[in-house]
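What's in run07.cif: mmCIF, C-alpha atoms and all ligand atoms
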data_upload
loop_
_atom_site.label_atom_id
_atom_site.label_comp_id
_atom_site.auth_asym_id
_atom_site.auth_seq_id
_atom_site.Cartn_x
_atom_site.Cartn_y
_atom_site.Cartn_z
CA MET S 1429 -5.30 12.93 -16.77
CA ALA S 1430 -8.25 11.13 -15.24
CA GLU S 1431 -6.93 11.74 -11.73
CA GLY S 1432 -6.89 15.48 -12.29
CA GLU S 1433 -3.94 16.79 -10.34
CA ALA S 1434 -0.39 15.89 -11.37
CA GLY S 1435 0.84 15.30 -7.79
CA VAL S 1436 -2.02 12.91 -7.05
CA GLU S 1437 -1.51 11.06 -10.33
CA ARG S 1438 2.21 10.66 -9.61
CA LEU S 1439 1.53 9.34 -6.10
CA ILE S 1440 -0.96 6.79 -7.47
CA GLU S 1441 1.61 5.61 -10.04
CA LEU S 1442 4.23 5.12 -7.31
CA MET S 1443 1.83 3.36 -4.93
CA ALA S 1444 0.77 0.98 -7.73
CA LYS S 1445 4.39 -0.29 -7.81
CA LEU S 1446 4.12 -1.70 -4.29
CA PRO S 1447 3.74 -5.49 -4.05
CA GLY S 1448 0.06 -6.41 -3.69
CA LEU S 1449 -1.32 -3.08 -4.92
CA GLY S 1450 -2.69 -2.56 -8.44
CA PRO S 1451 -3.92 0.68 -10.04
CA ARG S 1452 -7.38 0.45 -8.44
CA SER S 1453 -6.19 -0.27 -4.91
CA ALA S 1454 -3.51 2.43 -5.33
CA ARG S 1455 -6.25 4.96 -6.19
CA ARG S 1456 -8.28 3.88 -3.13
CA ALA S 1457 -5.18 4.08 -0.93
CA VAL S 1458 -4.30 7.60 -2.12
CA LEU S 1459 -7.87 8.88 -1.59
CA HIS S 1460 -7.78 7.34 1.89
CA LEU S 1461 -4.45 9.08 2.57
CA ILE S 1462 -5.88 12.44 1.43
CA LYS S 1463 -8.92 11.98 3.69
CA LYS S 1464 -6.59 11.18 6.60
CA ARG S 1465 -4.12 13.94 5.80
CA GLY S 1466 -3.14 14.80 9.36
CA VAL S 1467 -3.09 11.35 10.93
CA LEU S 1468 -1.85 9.24 8.00
CA LEU S 1469 -0.56 11.10 4.89
CA LEU S 1470 1.80 13.58 6.54
CA PRO S 1471 3.10 11.13 9.20
CA MET S 1472 3.71 8.56 6.45
CA ALA S 1473 5.59 11.06 4.27
CA GLU S 1474 7.73 11.90 7.31
CA ALA S 1475 8.30 8.23 8.25
CA MET S 1476 9.34 7.39 4.67
CA ALA S 1477 11.75 10.31 4.52
CA GLU S 1478 13.23 9.27 7.88
CA VAL S 1479 13.62 5.62 6.85
CA GLY S 1480 15.19 6.73 3.56
CA ARG S 1481 17.61 8.98 5.47
CA THR S 1482 18.60 6.59 8.26
CA ILE S 1483 18.19 2.94 7.26
CA ARG S 1484 21.06 0.99 5.71
CA GLU S 1485 22.38 -2.59 5.73
CA CYS S 1486 24.32 -3.98 8.70
CA LEU S 1487 27.90 -4.42 7.42
CA ASN S 1488 28.18 -7.67 9.36
CA CYS S 1489 24.91 -9.54 8.69
CA GLY S 1490 22.84 -7.62 6.11
CA ASN S 1491 19.98 -6.84 8.54
CA LEU S 1492 18.47 -3.34 8.49
CA ALA S 1493 20.37 -0.91 10.68
CA THR S 1494 20.70 2.76 11.51
CA ALA S 1495 24.43 2.35 12.25
CA ASP S 1496 27.23 0.31 10.64
CA ILE S 1497 26.27 -2.64 12.84
CA CYS S 1498 22.66 -3.69 13.61
CA PRO S 1499 21.35 -4.04 17.20
CA ILE S 1500 21.43 -7.86 17.00
CA CYS S 1501 25.10 -8.00 15.92
CA ALA S 1502 25.92 -5.33 18.52
CA ALA S 1503 24.25 -7.21 21.41
CA GLU S 1504 26.90 -9.22 23.25
CA LYS S 1505 24.37 -11.80 24.51
CA ARG S 1506 23.41 -12.65 20.91
CA GLY S 1507 27.00 -13.85 20.31
CA ASN S 1508 26.31 -17.41 21.49
CA GLY S 1509 28.13 -19.14 18.63
CA GLN S 1510 24.99 -19.70 16.54
CA ILE S 1511 24.30 -17.98 13.21
CA CYS S 1512 20.93 -18.40 11.55
CA VAL S 1513 21.12 -17.94 7.77
CA VAL S 1514 17.98 -16.43 6.19
CA GLU S 1515 17.06 -15.38 2.69
CA ASP S 1516 15.86 -11.87 3.48
CA VAL S 1517 14.99 -9.43 6.27
CA ALA S 1518 11.30 -10.50 6.26
CA ASP S 1519 12.47 -13.99 7.24
CA LEU S 1520 14.72 -12.56 9.98
CA TRP S 1521 11.65 -10.72 11.36
CA ALA S 1522 9.61 -13.94 11.21
CA MET S 1523 12.34 -15.73 13.22
CA GLU S 1524 12.49 -12.89 15.77
CA ARG S 1525 8.69 -12.94 16.20
CA SER S 1526 8.86 -16.64 17.07
CA GLN S 1527 11.25 -15.70 19.96
CA VAL S 1528 13.03 -19.07 20.01
CA PHE S 1529 16.40 -18.09 18.59
CA GLY S 1530 19.02 -16.34 20.72
CA GLY S 1531 21.94 -16.11 18.29
CA ARG S 1532 22.83 -13.86 15.35
CA TYR S 1533 21.71 -13.84 11.73
CA HIS S 1534 23.19 -13.76 8.28
CA VAL S 1535 20.89 -12.30 5.61
CA LEU S 1536 21.77 -13.70 2.17
CA GLY S 1537 19.63 -11.26 0.20
CA GLY S 1538 18.18 -14.04 -1.98
CA THR S 1539 18.88 -17.63 -2.93
CA LEU S 1540 21.29 -19.00 -5.53
CA SER S 1541 19.52 -18.77 -8.85
CA ALA S 1542 20.98 -19.41 -12.29
CA LEU S 1543 17.82 -17.84 -13.74
CA ASP S 1544 18.24 -14.53 -11.88
CA GLY S 1545 22.04 -14.64 -12.24
CA LEU S 1546 22.50 -14.76 -8.47
CA GLY S 1547 25.79 -16.40 -7.50
CA PRO S 1548 27.57 -16.80 -4.11
CA GLU S 1549 29.19 -13.34 -4.37
CA GLU S 1550 25.80 -11.62 -4.72
CA LEU S 1551 24.48 -13.53 -1.72
CA ARG S 1552 26.96 -12.49 0.98
CA ILE S 1553 28.25 -16.08 1.19
CA PRO S 1554 31.95 -15.06 1.32
CA GLN S 1555 31.08 -12.77 4.27
CA LEU S 1556 29.43 -15.72 6.04
CA LEU S 1557 32.60 -17.79 5.66
CA ASP S 1558 34.62 -14.90 7.14
CA ARG S 1559 32.31 -14.71 10.14
CA ILE S 1560 32.91 -18.39 11.03
CA GLU S 1561 36.47 -17.46 12.02
CA THR S 1562 36.03 -14.03 13.56
CA GLU S 1563 32.93 -14.76 15.65
CA GLU S 1564 33.87 -18.21 17.00
CA VAL S 1565 30.80 -19.77 15.40
CA THR S 1566 29.90 -23.30 16.48
CA GLU S 1567 26.65 -23.84 14.57
CA VAL S 1568 25.18 -22.47 11.36
CA ILE S 1569 21.40 -22.95 11.16
CA LEU S 1570 20.11 -22.76 7.60
CA ALA S 1571 16.60 -21.28 7.81
CA LEU S 1572 15.88 -21.25 4.09
CA GLY S 1573 12.57 -21.94 2.39
CA ALA S 1574 11.69 -25.48 1.31
CA THR S 1575 11.90 -24.45 -2.34
CA ILE S 1576 14.31 -25.85 -4.93
CA ASP S 1577 16.42 -22.66 -4.92
CA GLY S 1578 16.34 -22.57 -1.10
CA GLN S 1579 17.54 -26.15 -0.79
CA THR S 1580 20.20 -25.71 -3.52
CA THR S 1581 21.50 -22.72 -1.57
CA ALA S 1582 21.47 -24.69 1.71
CA HIS S 1583 23.55 -27.49 0.18
CA TYR S 1584 25.96 -25.02 -1.42
CA ILE S 1585 26.56 -23.32 1.95
CA ALA S 1586 26.93 -26.66 3.76
CA ASP S 1587 29.59 -27.71 1.21
CA ALA S 1588 31.38 -24.35 1.46
CA LEU S 1589 31.53 -24.59 5.27
CA ASP S 1590 33.24 -27.95 4.78
CA GLU S 1591 32.68 -29.36 8.28
CA ARG S 1592 34.40 -26.41 9.97
CA VAL S 1593 31.21 -25.95 12.06
CA SER S 1594 28.07 -27.91 12.73
CA VAL S 1595 25.51 -27.14 9.99
CA THR S 1596 21.83 -27.73 10.68
CA SER S 1597 18.68 -26.75 8.89
CA LEU S 1598 15.07 -26.08 9.85
CA ALA S 1599 13.26 -29.29 9.08
CA GLN S 1600 10.03 -30.45 10.60
CA GLY S 1601 7.15 -28.10 9.95
CA VAL S 1602 8.32 -26.22 6.88
CA PRO S 1603 5.81 -27.22 4.22
CA VAL S 1604 7.19 -28.32 0.85
CA GLY S 1605 7.25 -25.37 -1.52
CA GLY S 1606 6.49 -23.04 1.40
CA GLU S 1607 8.16 -19.74 2.21
CA LEU S 1608 9.34 -18.98 5.73
CA ASP S 1609 7.65 -15.62 6.07
CA TYR S 1610 4.20 -17.23 5.63
CA LEU S 1611 4.56 -19.57 8.61
CA ASP S 1612 3.03 -19.03 12.03
CA ASP S 1613 5.30 -18.71 15.07
CA GLY S 1614 4.46 -22.21 16.34
CA THR S 1615 5.53 -23.85 13.09
CA ILE S 1616 8.80 -21.91 13.06
CA SER S 1617 9.42 -22.78 16.66
CA ALA S 1618 8.77 -26.53 16.05
CA ALA S 1619 10.99 -26.50 12.98
CA LEU S 1620 13.83 -24.91 14.93
CA ARG S 1621 13.60 -27.37 17.81
CA ALA S 1622 13.53 -30.36 15.42
CA ARG S 1623 16.47 -29.13 13.32
CA ARG S 1624 18.69 -31.88 11.93
CA ALA S 1625 22.32 -32.17 10.88
CA LEU S 1626 22.78 -31.64 7.15
CA MET U 995 10.41 -4.88 18.59
CA ALA U 996 10.47 -7.64 16.01
CA GLU U 997 11.11 -5.15 13.21
CA GLY U 998 14.23 -3.84 14.89
CA GLU U 999 14.41 -0.16 14.05
CA ALA U 1000 11.81 2.27 15.40
CA GLY U 1001 11.43 4.20 12.14
CA VAL U 1002 10.81 1.02 10.15
CA GLU U 1003 8.32 -0.25 12.73
CA ARG U 1004 6.42 3.06 12.64
CA LEU U 1005 6.27 3.03 8.84
CA ILE U 1006 4.92 -0.54 8.82
CA GLU U 1007 2.23 0.45 11.36
CA LEU U 1008 1.14 3.38 9.18
CA MET U 1009 1.16 1.34 5.94
CA ALA U 1010 -0.97 -1.36 7.60
CA LYS U 1011 -3.74 1.26 7.99
CA LEU U 1012 -4.17 1.57 4.22
CA PRO U 1013 -7.23 -0.14 2.75
CA GLY U 1014 -6.29 -3.57 1.40
CA LEU U 1015 -3.00 -3.87 3.32
CA GLY U 1016 -2.62 -5.94 6.48
CA PRO U 1017 0.45 -6.25 8.76
CA ARG U 1018 2.12 -8.84 6.53
CA SER U 1019 1.64 -7.01 3.24
CA ALA U 1020 2.69 -3.77 4.98
CA ARG U 1021 5.98 -5.43 6.05
CA ARG U 1022 6.56 -6.67 2.48
CA ALA U 1023 5.76 -3.23 1.08
CA VAL U 1024 8.19 -1.48 3.46
CA LEU U 1025 11.03 -3.92 2.68
CA HIS U 1026 10.33 -3.37 -1.02
CA LEU U 1027 10.46 0.40 -0.48
CA ILE U 1028 13.80 0.11 1.35
CA LYS U 1029 15.24 -2.01 -1.49
CA LYS U 1030 14.05 0.60 -4.00
CA ARG U 1031 15.17 3.57 -1.91
CA GLY U 1032 16.16 5.85 -4.77
CA VAL U 1033 13.43 5.05 -7.29
CA LEU U 1034 10.48 4.42 -4.97
CA LEU U 1035 10.91 5.28 -1.26
CA LEU U 1036 12.31 8.81 -1.57
CA PRO U 1037 10.10 9.82 -4.55
CA MET U 1038 7.04 8.51 -2.67
CA ALA U 1039 7.95 10.43 0.50
CA GLU U 1040 8.30 13.55 -1.65
CA ALA U 1041 5.01 12.93 -3.55
CA MET U 1042 3.13 12.40 -0.28
CA ALA U 1043 4.54 15.56 1.24
CA GLU U 1044 3.61 17.50 -1.91
CA VAL U 1045 0.06 16.11 -2.01
CA GLY U 1046 -0.33 16.88 1.70
CA ARG U 1047 0.91 20.44 1.11
CA THR U 1048 -1.09 21.25 -2.04
CA ILE U 1049 -4.27 19.18 -2.32
CA ARG U 1050 -7.58 20.43 -0.91
CA GLU U 1051 -11.29 20.21 -1.77
CA CYS U 1052 -12.79 22.29 -4.56
CA LEU U 1053 -15.03 24.83 -2.81
CA ASN U 1054 -17.62 24.43 -5.56
CA CYS U 1055 -17.90 20.67 -6.16
CA GLY U 1056 -15.78 18.80 -3.58
CA ASN U 1057 -13.35 17.37 -6.16
CA LEU U 1058 -9.62 17.39 -5.34
CA ALA U 1059 -7.95 20.66 -6.24
CA THR U 1060 -4.73 22.62 -5.82
CA ALA U 1061 -6.64 25.92 -5.89
CA ASP U 1062 -9.99 27.07 -4.47
CA ILE U 1063 -11.71 25.80 -7.62
CA CYS U 1064 -10.84 22.50 -9.37
CA PRO U 1065 -9.86 22.36 -13.09
CA ILE U 1066 -13.26 20.91 -14.06
CA CYS U 1067 -15.25 23.70 -12.37
CA ALA U 1068 -12.80 26.25 -13.80
CA ALA U 1069 -13.13 24.99 -17.40
CA GLU U 1070 -15.73 27.09 -19.22
CA LYS U 1071 -16.60 24.31 -21.69
CA ARG U 1072 -17.58 22.00 -18.79
CA GLY U 1073 -20.35 24.46 -17.87
CA ASN U 1074 -22.91 22.88 -20.21
CA GLY U 1075 -25.79 22.92 -17.72
CA GLN U 1076 -25.26 19.32 -16.58
CA ILE U 1077 -24.12 18.35 -13.10
CA CYS U 1078 -23.25 14.72 -12.35
CA VAL U 1079 -23.68 13.89 -8.65
CA VAL U 1080 -21.25 11.23 -7.35
CA GLU U 1081 -20.58 9.73 -3.95
CA ASP U 1082 -16.83 10.27 -3.84
CA VAL U 1083 -13.77 11.32 -5.84
CA ALA U 1084 -13.04 7.73 -6.90
CA ASP U 1085 -16.43 7.71 -8.67
CA LEU U 1086 -15.67 11.06 -10.32
CA TRP U 1087 -12.41 9.53 -11.64
CA ALA U 1088 -14.33 6.48 -12.91
CA MET U 1089 -16.74 8.79 -14.79
CA GLU U 1090 -13.84 10.79 -16.27
CA ARG U 1091 -12.09 7.60 -17.44
CA SER U 1092 -15.22 6.63 -19.36
CA GLN U 1093 -14.91 9.95 -21.27
CA VAL U 1094 -18.64 10.24 -22.01
CA PHE U 1095 -19.59 13.10 -19.71
CA GLY U 1096 -18.83 16.71 -20.61
CA GLY U 1097 -20.42 18.57 -17.71
CA ARG U 1098 -19.44 19.29 -14.12
CA TYR U 1099 -19.61 17.19 -10.95
CA HIS U 1100 -20.86 17.43 -7.43
CA VAL U 1101 -19.08 15.15 -4.95
CA LEU U 1102 -21.34 14.30 -2.00
CA GLY U 1103 -18.64 12.76 0.16
CA GLY U 1104 -20.83 9.75 1.04
CA THR U 1105 -24.45 8.68 0.93
CA LEU U 1106 -27.24 9.44 3.41
CA SER U 1107 -26.89 6.96 6.21
CA ALA U 1108 -28.78 6.92 9.50
CA LEU U 1109 -26.27 4.31 10.70
CA ASP U 1110 -23.21 6.52 10.09
CA GLY U 1111 -25.10 9.67 11.15
CA LEU U 1112 -24.67 11.21 7.68
CA GLY U 1113 -27.41 13.75 6.93
CA PRO U 1114 -27.90 16.19 4.02
CA GLU U 1115 -25.66 18.85 5.67
CA GLU U 1116 -22.71 16.43 5.85
CA LEU U 1117 -23.18 15.51 2.19
CA ARG U 1118 -22.87 18.91 0.51
CA ILE U 1119 -26.55 18.72 -0.54
CA PRO U 1120 -27.31 22.38 0.39
CA GLN U 1121 -24.35 23.42 -1.82
CA LEU U 1122 -25.83 21.40 -4.70
CA LEU U 1123 -29.14 23.25 -4.36
CA ASP U 1124 -27.26 26.59 -4.45
CA ARG U 1125 -25.46 25.60 -7.64
CA ILE U 1126 -28.76 24.97 -9.49
CA GLU U 1127 -29.36 28.75 -9.41
CA THR U 1128 -25.89 30.16 -9.86
CA GLU U 1129 -24.72 27.83 -12.65
CA GLU U 1130 -27.89 27.77 -14.76
CA VAL U 1131 -28.17 23.99 -14.39
CA THR U 1132 -30.64 22.23 -16.68
CA GLU U 1133 -30.00 18.58 -15.71
CA VAL U 1134 -28.77 16.82 -12.60
CA ILE U 1135 -27.52 13.30 -13.32
CA LEU U 1136 -27.45 11.12 -10.21
CA ALA U 1137 -24.54 8.67 -10.64
CA LEU U 1138 -24.89 6.91 -7.31
CA GLY U 1139 -24.32 3.25 -6.59
CA ALA U 1140 -27.23 0.80 -6.89
CA THR U 1141 -27.14 0.21 -3.13
CA ILE U 1142 -29.94 0.94 -0.67
CA ASP U 1143 -28.13 4.02 0.72
CA GLY U 1144 -27.27 5.17 -2.80
CA GLN U 1145 -30.86 4.94 -3.96
CA THR U 1146 -32.21 6.57 -0.77
CA THR U 1147 -29.83 9.47 -1.39
CA ALA U 1148 -30.91 9.71 -5.06
CA HIS U 1149 -34.57 9.96 -4.08
CA TYR U 1150 -33.81 12.50 -1.35
CA ILE U 1151 -31.96 14.73 -3.84
CA ALA U 1152 -34.69 14.36 -6.50
CA ASP U 1153 -37.28 15.47 -3.90
CA ALA U 1154 -35.12 18.38 -2.74
CA LEU U 1155 -34.66 19.62 -6.33
CA ASP U 1156 -38.45 19.68 -6.60
CA GLU U 1157 -38.74 19.76 -10.39
CA ARG U 1158 -36.62 22.90 -10.70
CA VAL U 1159 -34.37 20.96 -13.10
CA SER U 1160 -34.54 17.69 -14.99
CA VAL U 1161 -33.24 14.91 -12.69
CA THR U 1162 -31.95 11.70 -14.26
CA SER U 1163 -30.02 8.76 -12.92
CA LEU U 1164 -27.65 6.16 -14.31
CA ALA U 1165 -29.79 3.14 -14.94
CA GLN U 1166 -29.07 0.35 -17.35
CA GLY U 1167 -25.83 -1.45 -16.65
CA VAL U 1168 -25.30 -0.69 -12.97
CA PRO U 1169 -25.56 -4.09 -11.30
CA VAL U 1170 -27.82 -4.34 -8.25
CA GLY U 1171 -25.75 -3.92 -5.10
CA GLY U 1172 -22.81 -2.79 -7.23
CA GLU U 1173 -20.51 0.16 -6.61
CA LEU U 1174 -19.68 2.58 -9.40
CA ASP U 1175 -15.92 2.50 -9.00
CA TYR U 1176 -15.85 -1.26 -9.78
CA LEU U 1177 -17.49 -0.91 -13.20
CA ASP U 1178 -15.66 -0.97 -16.51
CA ASP U 1179 -15.78 2.08 -18.81
CA GLY U 1180 -18.22 0.43 -21.25
CA THR U 1181 -20.77 -0.27 -18.53
CA ILE U 1182 -20.57 3.30 -17.23
CA SER U 1183 -20.89 4.64 -20.73
CA ALA U 1184 -23.98 2.47 -21.48
CA ALA U 1185 -25.57 3.44 -18.17
CA LEU U 1186 -25.07 7.13 -18.91
CA ARG U 1187 -26.55 6.89 -22.42
CA ALA U 1188 -29.58 4.95 -21.14
CA ARG U 1189 -30.24 7.32 -18.23
CA ARG U 1190 -33.89 7.77 -17.34
CA ALA U 1191 -35.97 10.53 -15.75
CA LEU U 1192 -36.44 9.98 -12.02
ZN ZN S 1701 23.86 -7.29 11.90
ZN ZN S 1702 -14.85 21.64 -8.65
#
Mind converting the file's structure to structure tokens?
Amino acid sequence: MAEGEAGVERLIELMAKLPGLGPRSARRAVLHLIKKRGVLLLPMAEAMAEVGRTIRECLNCGNLATADICPICAAEKRGNGQICVVEDVADLWAMERSQVFGGRYHVLGGTLSALDGLGPEELRIPQLLDRIETEEVTEVILALGATIDGQTTAHYIADALDERVSVTSLAQGVPVGGELDYLDDGTISAALRARRAL
Amino acid sequence: MAEGEAGVERLIELMAKLPGLGPRSARRAVLHLIKKRGVLLLPMAEAMAEVGRTIRECLNCGNLATADICPICAAEKRGNGQICVVEDVADLWAMERSQVFGGRYHVLGGTLSALDGLGPEELRIPQLLDRIETEEVTEVILALGATIDGQTTAHYIADALDERVSVTSLAQGVPVGGELDYLDDGTISAALRARRAL
């Protein structure tokens, strides 16, 4: 055991599993945490335990929530007839940061992918179709990445909705091959304003 | 609050303070943790709490320890008369991974730096001088980075030891301006074998 103490070694192993961290940066991060025991390590342990205890998926839209229904689904003023369909919660956050969308969301949890074995059932698409009826939806905005899987998913959803509502998609500003969560607020905002019928 | 739930937002803020993580990678890391609640989030919260509860500094050498004295200082066979002086625990780990050093360590906790206000007292140098007597030390190996501060610190320690013991330093293989923790095992091992009297 190069890292000496079993607890430290275990923590480094776990940290190295985070996206963007390898073994070396995990070691640096853990030493930094130990140096900042009172202001970083212990508060982080507590915050993780709390998130693990309280956070679940909104039963309606798939957003993170501490109750059955997330704050966005629960807010009456967000029920304006628009639903913005995103791939994951990071994309929902990116949309919220741009502050140009006043409706609700539907978090797919991925895109259709034969490779990953992800079909419509895995992606909360049946739940989206249900919401069209129950929430008096007038427009579904597809805010999916300009990737092949993203566009395949967009077309699948548009077909499934079968002209029951207006279906639009973010257009201008999303770079080809780009992922939504990488875009700046201005680009997202321009893409939303210039959305086109699909 | 773009990130919706207070606990999630707080965790992202804390994660963004880790070296190598910015706000975006912290958001990705937290979403990944929430997806892997059972196998990553909860075990990591537990590992952090345990490390925070049990890990402290070895009173003898400054290494991480769960008792007053670390396993290396406590191991009789490591008391071979050699002490390897390193800047921080990451460098001690790098030395241990190279598996070519059988003695004990002394972790300075930094290098002398007028800029950062780090003097000999802050760097455990008085404790090193004490150990020369009590541990029957015959050789002090200075394994400090080939930076200006590292070399200033090496010369300061060599002067302070005043020919009471043999003082050597890692030489061949440490690139100019390089930091120890970035080197591969072979380079460290070559540098140790080719150490020269200071
Ligand atoms: Zn919701
Ligand atoms: Zn020790």
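Near chain U, the residues of chain S that fall inside 6 Å (using only C-alpha atoms) are Ala1430, Glu1431, Gly1435, Leu1439, Leu1446, Pro1447, Ala1457, Ala1473, Ala1475, Met1476, Ala1477, Val1479, Trp1521, Glu1524 and Arg1525 of chain S.
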Discussion item. So that I can see what lies close to Arg1559 of chain S, please list as a PyMOL selection string the residues with an atom at most 12 Å from it, counting only C-alpha atoms and leaving out residues fewer than 3 positions away in the same chain.
Written reply: chain S and resi 1487-1489+1501+1507+1509-1511+1513+1532-1534+1552-1556+1562-1568+1589+1592-1593
Worksheet item: Between atom CA of Gly1056 of chain U and atom CA of Lys1071 of chain U, what is the distance, to one decimal in Å?
Response: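 Taking atom CA of Gly1056 of chain U and atom CA of Lys1071 of chain U, their separation equals 18.9 Å.
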Item to complete: Find the residues near Val1080 of chain U: any atom within 6 Å, counting all atoms listed in the file, skip ones fewer than 4 places away on the same chain, and give them as an MDAnalysis selection string.
Response: chainID U and resid 1101 1137:1138
Let me have the centre and edge lengths of the axis-aligned box enclosing all listed atoms of segment 1029-1033 of chain U with 6 Å padding on every side, in Å to one decimal, as JSON.
{"center_x": 14.8, "center_y": 1.9, "center_z": -4.4, "size_x": 14.7, "size_y": 19.9, "size_z": 17.8}
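Atom CA of Leu1536 of chain S is found 16.0 Å from atom CA of Val1595 of chain S.
Straight-line separation from atom CA of Asp1612 of chain S to atom CA of Ala1502 of chain S: 27.5 Å.
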Discussion item. Restricting the calculation to only C-alpha atoms and all ligand atoms: of S:Ala1574, S:Ala1588, S:Ile1497, S:Ile1560, which residue gets closest to ligand ZN 1701 (chain S)?
Written reply: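 Looking at the shortest contact to ligand ZN 1701 (chain S), the residue is S:Ile1497.
Look at Glu1116 of chain U: the protein and nucleic acid residues within 10 Å of it, using only C-alpha atoms and passing over chain neighbours fewer than 6 places away, are Leu1102, Gly1103, Gly1104, Thr1105 and Leu1106 of chain U.
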Item to complete: Name the residues in contact with Thr1581 of chain S at a cut-off of 9 Å, using all atoms listed in the file, excluding same-chain residues fewer than 2 positions from it; report them as a ChimeraX atom specification.
Response: /S:1539-1541,1548,1572,1576-1579,1583-1586
